Amino acid sequence: MMCDECKKRPATVHITKIINGEKTLLHLCEQCAREKSIFDVSFNLEGEPFSMQKFLAGFFEPFMREFPEKSQPLSCDRCGLTFPRFSQIGRFGCSHCYEAFKGQLDPMLRRLHGKTYHVGKVPKRRGGKIRIKSEIERLKRELQEAVNAEEYERAAVLRDKIRELEQKLGRS
């Protein structure tokens, strides 16, 4: 398979983007992938093993350009990890980093996944509260859509369902 960009070299980098449910395939050679700044595909062949963290960290590099460094880079109050350092290593220092970097993460997650909230599987035995919270969030989004569309009867039904679930959540 040849590179989609230059159509000269064999494609060695295969990227599947899924944005808002729309799937796009991109097949690039190393040089075009590097030029497009998708991520750095050059691996150190001098004995350094492949690192998934370094590989994933490369995905954040294009987003870093959107957030020019201020005089003092954003950092986590708890562990001291800075956002530029996070983008280099590809992992957080502690659980508080999620909140500390929320402003930078939301646009990235929205571009990468189309959403900024979890839509995956939840454990059956221990996920009761998580499922209820997720359902409440979904209903709140539906409620907002109903109000925007001036569907007030539907909005009232959704409001009542939200209240019922919030009461159920408070009891458990």
# chains A, B, ... in the order shown; residues from 1 in each chain; ligands from 1
>>> residues_around(residues="Glu164 (chain A)", least_positions_apart="5", cutoff="12 Å", atoms="only C-alpha atoms", output="MDAnalysis selection string")
chainID A and resid 132:133 135:136 139 157:159 169:171
>>> residues_around(residues="region 17-24 of chain A", least_positions_apart="4", cutoff="9 Å", atoms="only C-alpha atoms", output="MDAnalysis selection string")
chainID A and resid 110:115
>>> residues_around(residues="Ala11 (chain A)", least_positions_apart="6", cutoff="7 Å", atoms="only C-alpha atoms", output="list of chain:residue names")
A:Met1, A:Met2, A:Cys3, A:His27, A:Leu28, A:Cys29
>>> write_last_selection(atoms="C-alpha atoms", output="short mmCIF file (atom, residue, chain, number, x, y, z; two decimals), in the first residue's frame")
data_model
loop_
_atom_site.label_atom_id
_atom_site.label_comp_id
_atom_site.auth_asym_id
_atom_site.auth_seq_id
_atom_site.Cartn_x
_atom_site.Cartn_y
_atom_site.Cartn_z
CA MET A 1 0.00 0.00 0.00
CA MET A 2 1.39 3.41 -0.97
CA CYS A 3 1.33 6.59 1.10
CA HIS A 27 -2.06 5.53 5.38
CA LEU A 28 1.24 7.43 5.46
CA CYS A 29 4.94 6.82 5.02
#
>>> closest_residue(among="A:Cys32, A:Asp77, A:Glu145, A:Leu109", to="His96 (chain A)", atoms="only C-alpha atoms")
A:Asp77
>>> residues_around(residues="region 99-102 of chain A", least_positions_apart="6", cutoff="9 Å", atoms="only C-alpha atoms", output="VMD selection string")
chain A and resid 74 to 77 82 to 83
>>> residues_around(residues="Glu137 (chain A)", least_positions_apart="6", cutoff="12 Å", atoms="only C-alpha atoms", output="ChimeraX atom specification")
/A:116-119,130-131,143-144,158-159,161-163,165-166
>>> atom_distance(atom1="CA of Lys129 (chain A)", atom2="CA of Gln167 (chain A)")
11.8 Å
>>> atom_distance(atom1="CA of Arg141 (chain A)", atom2="CA of Phe92 (chain A)")
29.1 Å
